[in-house]
$ cat entry_36.txt   # compact mmCIF, C-alpha atoms
# COMPACT_ATOMS: atom_id res chain seq x y z
CA TYR A 1043 125.28 147.47 133.78
CA THR A 1044 126.32 145.98 130.47
CA PRO A 1045 124.29 142.82 129.84
CA ILE A 1046 125.56 140.02 127.61
CA PRO A 1047 123.97 136.73 126.51
CA ILE A 1048 125.26 133.62 128.27
CA VAL A 1049 124.85 130.12 126.86
CA ALA A 1050 121.74 128.72 128.59
CA GLY A 1051 122.66 126.47 131.51
CA LYS A 1052 126.36 127.40 131.26
CA LYS A 1053 128.59 130.16 132.58
CA HIS A 1054 130.26 131.35 129.38
CA PRO A 1055 129.15 134.03 126.89
CA ALA A 1056 127.15 133.10 123.81
CA ILE A 1057 128.98 135.74 121.76
CA LYS A 1058 132.55 136.33 120.65
CA LYS A 1059 134.28 139.60 121.53
CA TRP A 1060 132.02 139.95 124.56
CA THR A 1061 134.54 142.16 126.36
CA ALA A 1062 134.09 144.79 123.62
CA VAL A 1063 130.28 145.08 123.83
CA ASN A 1064 129.32 148.75 123.72
CA TYR A 1065 125.62 149.57 123.50
CA ALA A 1066 126.29 153.32 123.22
CA HIS A 1067 128.03 152.75 119.86
CA SER A 1068 125.45 150.17 118.72
CA PRO A 1069 122.04 151.15 120.11
CA ASN A 1070 120.22 148.18 118.51
CA LEU A 1071 122.73 145.58 119.67
CA LEU A 1072 120.88 144.52 122.82
CA GLU A 1073 117.68 144.02 120.84
CA GLN A 1074 119.63 141.96 118.29
CA TYR A 1075 121.09 139.76 121.03
CA CYS A 1076 117.65 139.23 122.55
CA ALA A 1077 116.29 138.13 119.17
CA LYS A 1078 119.28 135.91 118.30
CA TYR A 1079 119.61 134.31 121.77
CA PRO A 1080 116.03 134.16 123.12
CA ASN A 1081 116.79 131.34 125.58
CA ALA A 1082 120.12 132.70 126.80
CA SER A 1083 120.94 133.37 130.41
CA THR A 1084 121.95 136.94 131.23
CA GLY A 1085 125.40 137.99 132.32
CA ILE A 1086 127.02 141.36 132.86
CA LEU A 1087 130.46 142.67 132.02
CA LEU A 1088 132.65 143.43 134.99
CA GLY A 1089 135.11 146.27 135.38
CA HIS A 1090 132.99 149.15 136.65
CA VAL A 1091 131.24 146.46 138.70
CA CYS A 1092 133.21 143.90 140.67
CA VAL A 1093 131.95 140.69 142.21
CA ILE A 1094 133.13 139.03 145.39
CA ASP A 1095 132.61 135.39 144.42
CA ILE A 1096 132.44 133.20 147.53
CA ASP A 1097 133.09 129.67 146.30
CA VAL A 1098 132.65 127.93 149.64
CA LEU A 1099 130.31 124.96 150.13
CA ASP A 1100 130.48 124.85 153.92
CA THR A 1101 127.37 126.79 155.02
CA GLU A 1102 128.89 128.28 158.17
CA VAL A 1103 132.16 129.34 156.53
CA ALA A 1104 130.31 130.78 153.51
CA HIS A 1105 128.10 132.83 155.85
CA ILE A 1106 131.15 134.07 157.79
CA CYS A 1107 132.83 135.09 154.52
CA ARG A 1108 129.72 137.02 153.40
CA SER A 1109 129.61 138.72 156.81
CA ILE A 1110 133.27 139.73 156.54
CA VAL A 1111 132.66 141.16 153.05
CA THR A 1112 129.65 143.25 154.05
CA ALA A 1113 131.25 144.39 157.34
CA LYS A 1114 134.33 145.64 155.45
CA LEU A 1115 132.77 146.90 152.20
CA GLY A 1116 129.11 147.63 152.96
CA ASP A 1117 125.85 146.03 151.96
CA ALA A 1118 125.69 144.45 148.54
CA PRO A 1119 123.16 142.63 146.40
CA CYS A 1120 123.77 138.91 146.76
CA ARG A 1121 123.10 136.25 144.11
CA PHE A 1122 123.08 132.52 144.79
CA GLY A 1123 123.51 129.71 142.32
CA LYS A 1124 124.75 126.61 144.11
CA HIS A 1125 123.94 127.56 147.71
CA PRO A 1126 125.78 128.42 149.95
CA LYS A 1127 128.16 129.73 147.27
CA SER A 1128 127.32 133.35 146.51
CA ALA A 1129 128.28 136.47 144.57
CA LEU A 1130 128.17 139.99 146.01
CA PHE A 1131 128.13 143.01 143.69
CA PHE A 1132 129.97 146.33 144.17
CA ARG A 1133 130.68 149.50 142.19
CA VAL A 1134 134.37 150.09 141.43
CA THR A 1135 135.87 153.49 142.23
CA GLY A 1136 139.25 154.48 140.89
CA SER A 1137 140.92 152.27 138.32
CA ASN A 1138 139.50 148.92 137.30
CA PHE A 1139 141.65 146.00 138.36
CA GLN A 1140 142.35 142.42 137.36
CA LYS A 1141 140.97 139.31 139.06
CA LEU A 1142 142.26 138.67 142.58
CA ALA A 1143 141.77 135.59 144.76
CA THR A 1144 142.57 133.88 148.02
CA LYS A 1145 144.52 130.66 147.95
CA SER A 1146 142.45 127.55 147.41
CA TYR A 1147 141.70 125.55 150.57
CA GLN A 1148 140.01 122.26 151.38
CA ILE A 1149 137.15 122.52 153.85
CA ASN A 1150 135.35 119.25 154.60
CA GLY A 1151 136.81 117.79 151.41
CA ASP A 1152 135.53 120.61 149.16
CA LYS A 1153 137.50 123.37 147.46
CA ALA A 1154 137.02 126.73 149.19
CA GLN A 1155 138.18 130.01 147.67
CA VAL A 1156 137.06 133.62 147.32
CA GLU A 1157 137.66 135.43 144.04
CA ILE A 1158 137.32 139.12 143.29
CA LEU A 1159 136.16 139.31 139.68
CA CYS A 1160 136.61 142.61 137.85
CA ASP A 1161 138.16 143.88 134.62
CA GLY A 1162 138.01 141.41 131.72
CA GLN A 1163 135.54 139.15 133.54
CA GLN A 1164 131.80 138.52 133.35
CA VAL A 1165 129.27 136.93 135.67
CA VAL A 1166 125.86 135.33 135.23
CA VAL A 1167 123.09 137.30 136.93
CA PHE A 1168 119.96 135.48 135.68
CA GLY A 1169 119.47 132.04 134.20
CA THR A 1170 119.89 128.39 135.08
CA HIS A 1171 122.85 127.22 137.15
CA PRO A 1172 124.77 124.46 135.31
CA ASP A 1173 125.18 122.21 138.38
CA THR A 1174 121.82 122.59 140.12
CA GLN A 1175 119.74 123.08 136.95
CA LYS A 1176 117.76 125.61 139.00
CA PRO A 1177 117.54 129.37 138.50
CA TYR A 1178 120.11 131.68 140.04
CA TYR A 1179 118.30 133.61 142.75
CA TRP A 1180 118.50 136.83 144.71
CA PRO A 1181 117.17 136.53 148.28
CA ASP A 1182 116.59 140.28 148.47
CA LYS A 1183 116.91 142.87 145.71
CA SER A 1184 118.54 141.96 142.39
CA LEU A 1185 120.59 144.22 140.15
CA LEU A 1186 117.33 145.04 138.34
CA ASP A 1187 116.20 146.78 141.54
CA ILE A 1188 119.40 148.68 142.30
CA PRO A 1189 120.78 151.45 140.11
CA PHE A 1190 124.52 151.16 139.47
CA ALA A 1191 125.19 154.41 141.37
CA LYS A 1192 123.55 152.95 144.50
CA LEU A 1193 125.93 149.96 144.75
CA SER A 1194 128.45 150.20 147.59
CA ALA A 1195 131.74 151.53 146.21
CA VAL A 1196 135.06 149.68 146.48
CA SER A 1197 138.60 150.24 145.25
CA GLU A 1198 141.43 147.86 144.51
CA VAL A 1199 143.00 148.82 147.85
CA ASP A 1200 139.74 147.93 149.64
CA VAL A 1201 139.48 144.48 148.07
CA LYS A 1202 143.15 143.64 148.62
CA ALA A 1203 142.69 144.40 152.34
CA LEU A 1204 139.51 142.30 152.32
CA LEU A 1205 141.37 139.36 150.79
CA LYS A 1206 143.77 139.27 153.75
CA ASP A 1207 140.85 138.91 156.18
CA LEU A 1208 139.19 136.24 154.02
CA GLU A 1209 142.49 134.39 153.64
CA PHE A 1210 142.85 134.30 157.42
CA GLU A 1211 139.31 132.96 157.83
CA LEU A 1212 139.68 130.22 155.18
CA ALA A 1213 143.13 129.17 156.45
CA SER A 1214 141.79 128.75 160.00
CA LYS A 1215 139.23 126.13 158.92
$ encode --input "entry_36.txt" --output "structure tokens"
Amino acid sequence: YTPIPIVAGKKHPAIKKWTAVNYAHSPNLLEQYCAKYPNASTGILLGHVCVIDIDVLDTEVAHICRSIVTAKLGDAPCRFGKHPKSALFFRVTGSNFQKLATKSYQINGDKAQVEILCDGQQVVVFGTHPDTQKPYYWPDKSLLDIPFAKLSAVSEVDVKALLKDLEFELASK
């Protein structure tokens, strides 16, 4: 995982050129970020990791979407911010890919969409959610507990097939 500082209580990075962070080339960089941004939330770069971001506020539909994801792709660590919205984390095999998404739907008056975040994206893993002002939380194990190599593996082909199933589910509501 490649951690980056996120502006506290927000969802965007605290640093410029965050997509180019490389701790192997700058071994002291993480320590410098920790000192410079002591109150920052923590995000990770995506690319080798992808996130299935379930932006659905209807509890039942959000649960169904999570079930579809894990049935198709395998178990995944799940992070909540504004429940029942959630993010599931996977290891990318093959080439990294750009962001993919279902169409946006209205369910009970709220926007409902699933995004697959990957190359060129980042996601908050620890910190305070901007809407709820409460900490993001992991109901089971967090990424701190799961080595990268132990994440369920997915490819671009896998997630494109998954999107079709999610699209069908969201469109039927």
$ atom_distance --input "entry_36.txt" --atom1 "atom CA of A:Ala1056" --atom2 "atom CA of A:Gly1162"
15.8 Å
$ atom_distance --input "entry_36.txt" --atom1 "atom CA of A:Leu1205" --atom2 "atom CA of A:Gln1140"
13.8 Å
$ atom_distance --input "entry_36.txt" --atom1 "atom CA of A:Leu1072" --atom2 "atom CA of A:Leu1087"
13.4 Å
$ closest_residue --input "entry_36.txt" --among "A:Cys1092, A:Ala1191, A:Ile1046, A:Val1111" --to "A:Cys1076" --atoms "all atoms listed in the file"
A:Ile1046
$ closest_residue --input "entry_36.txt" --among "A:His1090, A:Lys1124, A:Lys1114, A:Lys1052" --to "A:Val1199" --atoms "only C-alpha atoms"
A:Lys1114
$ closest_residue --input "entry_36.txt" --among "A:Asp1182, A:Asp1207, A:Glu1198, A:Asp1097" --to "A:Asp1117" --atoms "only C-alpha atoms"
A:Asp1182
$ residues_around --input "entry_36.txt" --residues "A:Ser1214" --least-positions-apart "5" --cutoff "10 Å" --atoms "only C-alpha atoms" --output "short mmCIF file (atom, residue, chain, number, x, y, z; two decimals) with C-alpha atoms, in the frame of the given file"
data_model
loop_
_atom_site.label_atom_id
_atom_site.label_comp_id
_atom_site.auth_asym_id
_atom_site.auth_seq_id
_atom_site.Cartn_x
_atom_site.Cartn_y
_atom_site.Cartn_z
CA TYR A 1147 141.70 125.55 150.57
CA ILE A 1149 137.15 122.52 153.85
CA LEU A 1208 139.19 136.24 154.02
CA GLU A 1209 142.49 134.39 153.64
#
$ residues_near_point --input "entry_36.txt" --point "(117.6, 134.5, 121.7)" --cutoff "12 Å" --atoms "all atoms listed in the file" --output "PyMOL selection string"
chain A and resi 1046-1050+1056-1057+1072-1084
$ closest_residue --input "entry_36.txt" --among "A:Gly1151, A:Asn1064, A:Asp1095, A:Thr1144" --to "A:Val1165" --atoms "all atoms listed in the file"
A:Asp1095
$ residues_around --input "entry_36.txt" --residues "stretch 1186-1190 of chain A" --least-positions-apart "4" --cutoff "10 Å" --atoms "all atoms listed in the file" --output "PyMOL selection string"
chain A and resi 1043+1090-1091+1118-1119+1131-1133+1167+1182+1194-1195
$ write_last_selection --input "entry_36.txt" --atoms "C-alpha atoms" --output "compact mmCIF listing (two decimals), keeping the file's coordinate frame"
# COMPACT_ATOMS: atom_id res chain seq x y z
CA TYR A 1043 125.28 147.47 133.78
CA HIS A 1090 132.99 149.15 136.65
CA VAL A 1091 131.24 146.46 138.70
CA ALA A 1118 125.69 144.45 148.54
CA PRO A 1119 123.16 142.63 146.40
CA PHE A 1131 128.13 143.01 143.69
CA PHE A 1132 129.97 146.33 144.17
CA ARG A 1133 130.68 149.50 142.19
CA VAL A 1167 123.09 137.30 136.93
CA ASP A 1182 116.59 140.28 148.47
CA SER A 1194 128.45 150.20 147.59
CA ALA A 1195 131.74 151.53 146.21
$ closest_residue --input "entry_36.txt" --among "A:Gln1175, A:Gln1148, A:Ser1184, A:Thr1170" --to "A:Ala1129" --atoms "all atoms listed in the file"
A:Ser1184
$ closest_residue --input "entry_36.txt" --among "A:His1067, A:Arg1121, A:Lys1145, A:Lys1192" --to "A:Pro1177" --atoms "all atoms listed in the file"
A:Arg1121
$ axis_aligned_box --input "entry_36.txt" --around "stretch 1177-1192 of chain A" --padding-each-side "4 Å" --output "lines of an AutoDock Vina configuration file"
center_x = 120.7
center_y = 141.9
center_z = 143.4
size_x = 17.0
size_y = 33.0
size_z = 18.1
$ residues_around --input "entry_36.txt" --residues "A:Asp1152" --least-positions-apart "4" --cutoff "12 Å" --atoms "all atoms listed in the file" --output "PyMOL selection string"
chain A and resi 1097-1101+1103+1127+1146-1148+1215
$ decode --input "entry_36.txt" --residues "stretch 1115-1149 of chain A" --atoms "N, CA, C and O atoms" --output "PDB file, in the first residue's frame"
ATOM      1  N   LEU A1115     -16.310 -11.607  -6.865  1.00  0.00           N
ATOM      2  CA  LEU A1115     -14.874 -11.325  -6.804  1.00  0.00           C
ATOM      3  C   LEU A1115     -14.159 -11.916  -5.596  1.00  0.00           C
ATOM      4  O   LEU A1115     -12.937 -11.903  -5.540  1.00  0.00           O
ATOM      5  N   GLY A1116     -14.900 -12.386  -4.606  1.00  0.00           N
ATOM      6  CA  GLY A1116     -14.274 -12.924  -3.401  1.00  0.00           C
ATOM      7  C   GLY A1116     -14.379 -11.950  -2.237  1.00  0.00           C
ATOM      8  O   GLY A1116     -14.781 -10.800  -2.403  1.00  0.00           O
ATOM      9  N   ASP A1117     -14.018 -12.444  -1.075  1.00  0.00           N
ATOM     10  CA  ASP A1117     -14.072 -11.611   0.124  1.00  0.00           C
ATOM     11  C   ASP A1117     -13.120 -10.433  -0.013  1.00  0.00           C
ATOM     12  O   ASP A1117     -12.074 -10.533  -0.670  1.00  0.00           O
ATOM     13  N   ALA A1118     -13.493  -9.341   0.646  1.00  0.00           N
ATOM     14  CA  ALA A1118     -12.672  -8.140   0.579  1.00  0.00           C
ATOM     15  C   ALA A1118     -12.842  -7.334   1.859  1.00  0.00           C
ATOM     16  O   ALA A1118     -13.936  -7.303   2.428  1.00  0.00           O
ATOM     17  N   PRO A1119     -11.764  -6.675   2.302  1.00  0.00           N
ATOM     18  CA  PRO A1119     -11.927  -5.759   3.427  1.00  0.00           C
ATOM     19  C   PRO A1119     -12.901  -4.662   3.029  1.00  0.00           C
ATOM     20  O   PRO A1119     -12.892  -4.183   1.903  1.00  0.00           O
ATOM     21  N   CYS A1120     -13.752  -4.288   3.979  1.00  0.00           N
ATOM     22  CA  CYS A1120     -14.810  -3.316   3.706  1.00  0.00           C
ATOM     23  C   CYS A1120     -14.672  -2.147   4.676  1.00  0.00           C
ATOM     24  O   CYS A1120     -14.571  -2.346   5.885  1.00  0.00           O
ATOM     25  N   ARG A1121     -14.693  -0.931   4.120  1.00  0.00           N
ATOM     26  CA  ARG A1121     -14.597   0.283   4.916  1.00  0.00           C
ATOM     27  C   ARG A1121     -15.875   1.088   4.738  1.00  0.00           C
ATOM     28  O   ARG A1121     -16.373   1.242   3.635  1.00  0.00           O
ATOM     29  N   PHE A1122     -16.418   1.573   5.854  1.00  0.00           N
ATOM     30  CA  PHE A1122     -17.606   2.419   5.820  1.00  0.00           C
ATOM     31  C   PHE A1122     -17.231   3.840   6.214  1.00  0.00           C
ATOM     32  O   PHE A1122     -16.349   4.051   7.043  1.00  0.00           O
ATOM     33  N   GLY A1123     -17.931   4.775   5.621  1.00  0.00           N
ATOM     34  CA  GLY A1123     -17.819   6.174   6.006  1.00  0.00           C
ATOM     35  C   GLY A1123     -19.203   6.662   6.380  1.00  0.00           C
ATOM     36  O   GLY A1123     -19.548   6.796   7.534  1.00  0.00           O
ATOM     37  N   LYS A1124     -20.018   6.873   5.356  1.00  0.00           N
ATOM     38  CA  LYS A1124     -21.415   7.272   5.559  1.00  0.00           C
ATOM     39  C   LYS A1124     -22.262   6.027   5.280  1.00  0.00           C
ATOM     40  O   LYS A1124     -22.684   5.789   4.156  1.00  0.00           O
ATOM     41  N   HIS A1125     -22.484   5.236   6.315  1.00  0.00           N
ATOM     42  CA  HIS A1125     -23.205   3.967   6.193  1.00  0.00           C
ATOM     43  C   HIS A1125     -24.587   4.220   5.583  1.00  0.00           C
ATOM     44  O   HIS A1125     -25.214   5.203   5.922  1.00  0.00           O
ATOM     45  N   PRO A1126     -25.054   3.391   4.655  1.00  0.00           N
ATOM     46  CA  PRO A1126     -24.547   2.082   4.240  1.00  0.00           C
ATOM     47  C   PRO A1126     -23.575   2.119   3.060  1.00  0.00           C
ATOM     48  O   PRO A1126     -23.219   1.075   2.533  1.00  0.00           O
ATOM     49  N   LYS A1127     -23.168   3.337   2.624  1.00  0.00           N
ATOM     50  CA  LYS A1127     -22.155   3.408   1.571  1.00  0.00           C
ATOM     51  C   LYS A1127     -20.910   2.680   2.057  1.00  0.00           C
ATOM     52  O   LYS A1127     -20.601   2.703   3.250  1.00  0.00           O
ATOM     53  N   SER A1128     -20.183   2.051   1.124  1.00  0.00           N
ATOM     54  CA  SER A1128     -19.017   1.281   1.531  1.00  0.00           C
ATOM     55  C   SER A1128     -17.984   1.216   0.413  1.00  0.00           C
ATOM     56  O   SER A1128     -18.277   1.525  -0.737  1.00  0.00           O
ATOM     57  N   ALA A1129     -16.777   0.796   0.794  1.00  0.00           N
ATOM     58  CA  ALA A1129     -15.686   0.608  -0.154  1.00  0.00           C
ATOM     59  C   ALA A1129     -15.066  -0.762   0.111  1.00  0.00           C
ATOM     60  O   ALA A1129     -14.744  -1.083   1.259  1.00  0.00           O
ATOM     61  N   LEU A1130     -14.927  -1.559  -0.952  1.00  0.00           N
ATOM     62  CA  LEU A1130     -14.314  -2.882  -0.843  1.00  0.00           C
ATOM     63  C   LEU A1130     -13.001  -2.875  -1.617  1.00  0.00           C
ATOM     64  O   LEU A1130     -12.941  -2.344  -2.733  1.00  0.00           O
ATOM     65  N   PHE A1131     -11.964  -3.481  -1.042  1.00  0.00           N
ATOM     66  CA  PHE A1131     -10.602  -3.369  -1.553  1.00  0.00           C
ATOM     67  C   PHE A1131     -10.121  -4.684  -2.157  1.00  0.00           C
ATOM     68  O   PHE A1131     -10.250  -5.744  -1.536  1.00  0.00           O
ATOM     69  N   PHE A1132      -9.510  -4.581  -3.367  1.00  0.00           N
ATOM     70  CA  PHE A1132      -9.024  -5.742  -4.104  1.00  0.00           C
ATOM     71  C   PHE A1132      -7.636  -5.464  -4.675  1.00  0.00           C
ATOM     72  O   PHE A1132      -7.278  -4.322  -4.923  1.00  0.00           O
ATOM     73  N   ARG A1133      -6.902  -6.536  -4.929  1.00  0.00           N
ATOM     74  CA  ARG A1133      -5.583  -6.464  -5.567  1.00  0.00           C
ATOM     75  C   ARG A1133      -5.780  -6.625  -7.074  1.00  0.00           C
ATOM     76  O   ARG A1133      -6.474  -7.537  -7.531  1.00  0.00           O
ATOM     77  N   VAL A1134      -5.152  -5.749  -7.855  1.00  0.00           N
ATOM     78  CA  VAL A1134      -5.294  -5.784  -9.310  1.00  0.00           C
ATOM     79  C   VAL A1134      -4.260  -6.736  -9.904  1.00  0.00           C
ATOM     80  O   VAL A1134      -3.071  -6.661  -9.581  1.00  0.00           O
ATOM     81  N   THR A1135      -4.728  -7.632 -10.763  1.00  0.00           N
ATOM     82  CA  THR A1135      -3.830  -8.483 -11.541  1.00  0.00           C
ATOM     83  C   THR A1135      -3.912  -8.020 -12.984  1.00  0.00           C
ATOM     84  O   THR A1135      -4.931  -7.504 -13.427  1.00  0.00           O
ATOM     85  N   GLY A1136      -2.825  -8.218 -13.718  1.00  0.00           N
ATOM     86  CA  GLY A1136      -2.787  -7.718 -15.084  1.00  0.00           C
ATOM     87  C   GLY A1136      -2.558  -6.216 -15.066  1.00  0.00           C
ATOM     88  O   GLY A1136      -2.043  -5.656 -14.092  1.00  0.00           O
ATOM     89  N   SER A1137      -2.960  -5.561 -16.115  1.00  0.00           N
ATOM     90  CA  SER A1137      -2.741  -4.122 -16.241  1.00  0.00           C
ATOM     91  C   SER A1137      -3.679  -3.336 -15.337  1.00  0.00           C
ATOM     92  O   SER A1137      -4.826  -3.734 -15.128  1.00  0.00           O
ATOM     93  N   ASN A1138      -3.165  -2.226 -14.812  1.00  0.00           N
ATOM     94  CA  ASN A1138      -4.031  -1.289 -14.096  1.00  0.00           C
ATOM     95  C   ASN A1138      -5.026  -0.716 -15.088  1.00  0.00           C
ATOM     96  O   ASN A1138      -4.788  -0.738 -16.298  1.00  0.00           O
ATOM     97  N   PHE A1139      -6.114  -0.195 -14.604  1.00  0.00           N
ATOM     98  CA  PHE A1139      -7.148   0.342 -15.488  1.00  0.00           C
ATOM     99  C   PHE A1139      -7.722   1.624 -14.906  1.00  0.00           C
ATOM    100  O   PHE A1139      -7.557   1.913 -13.725  1.00  0.00           O
ATOM    101  N   GLN A1140      -8.377   2.377 -15.750  1.00  0.00           N
ATOM    102  CA  GLN A1140      -8.972   3.644 -15.355  1.00  0.00           C
ATOM    103  C   GLN A1140     -10.286   3.413 -14.616  1.00  0.00           C
ATOM    104  O   GLN A1140     -10.856   2.323 -14.651  1.00  0.00           O
ATOM    105  N   LYS A1141     -10.786   4.461 -13.994  1.00  0.00           N
ATOM    106  CA  LYS A1141     -12.052   4.423 -13.262  1.00  0.00           C
ATOM    107  C   LYS A1141     -13.192   3.953 -14.172  1.00  0.00           C
ATOM    108  O   LYS A1141     -13.294   4.367 -15.326  1.00  0.00           O
ATOM    109  N   LEU A1142     -14.032   3.095 -13.623  1.00  0.00           N
ATOM    110  CA  LEU A1142     -15.225   2.603 -14.300  1.00  0.00           C
ATOM    111  C   LEU A1142     -16.414   2.850 -13.377  1.00  0.00           C
ATOM    112  O   LEU A1142     -16.235   2.958 -12.161  1.00  0.00           O
ATOM    113  N   ALA A1143     -17.619   2.916 -13.929  1.00  0.00           N
ATOM    114  CA  ALA A1143     -18.788   3.163 -13.073  1.00  0.00           C
ATOM    115  C   ALA A1143     -20.071   2.714 -13.744  1.00  0.00           C
ATOM    116  O   ALA A1143     -20.167   2.651 -14.969  1.00  0.00           O
ATOM    117  N   THR A1144     -21.059   2.409 -12.892  1.00  0.00           N
ATOM    118  CA  THR A1144     -22.415   2.193 -13.388  1.00  0.00           C
ATOM    119  C   THR A1144     -22.997   3.559 -13.743  1.00  0.00           C
ATOM    120  O   THR A1144     -22.426   4.592 -13.394  1.00  0.00           O
ATOM    121  N   LYS A1145     -24.133   3.549 -14.378  1.00  0.00           N
ATOM    122  CA  LYS A1145     -24.885   4.792 -14.541  1.00  0.00           C
ATOM    123  C   LYS A1145     -25.335   5.247 -13.159  1.00  0.00           C
ATOM    124  O   LYS A1145     -25.343   4.476 -12.206  1.00  0.00           O
ATOM    125  N   SER A1146     -25.725   6.480 -13.069  1.00  0.00           N
ATOM    126  CA  SER A1146     -26.243   7.022 -11.816  1.00  0.00           C
ATOM    127  C   SER A1146     -27.765   6.848 -11.806  1.00  0.00           C
ATOM    128  O   SER A1146     -28.432   7.154 -12.800  1.00  0.00           O
ATOM    129  N   TYR A1147     -28.284   6.337 -10.708  1.00  0.00           N
ATOM    130  CA  TYR A1147     -29.723   6.094 -10.561  1.00  0.00           C
ATOM    131  C   TYR A1147     -30.256   6.867  -9.366  1.00  0.00           C
ATOM    132  O   TYR A1147     -29.495   7.291  -8.499  1.00  0.00           O
ATOM    133  N   GLN A1148     -31.562   7.010  -9.306  1.00  0.00           N
ATOM    134  CA  GLN A1148     -32.235   7.576  -8.140  1.00  0.00           C
ATOM    135  C   GLN A1148     -32.962   6.435  -7.437  1.00  0.00           C
ATOM    136  O   GLN A1148     -33.790   5.758  -8.046  1.00  0.00           O
ATOM    137  N   ILE A1149     -32.624   6.223  -6.174  1.00  0.00           N
ATOM    138  CA  ILE A1149     -33.325   5.223  -5.365  1.00  0.00           C
ATOM    139  C   ILE A1149     -33.819   5.937  -4.116  1.00  0.00           C
ATOM    140  O   ILE A1149     -33.014   6.483  -3.356  1.00  0.00           O
TER     141      ILE A1149
END
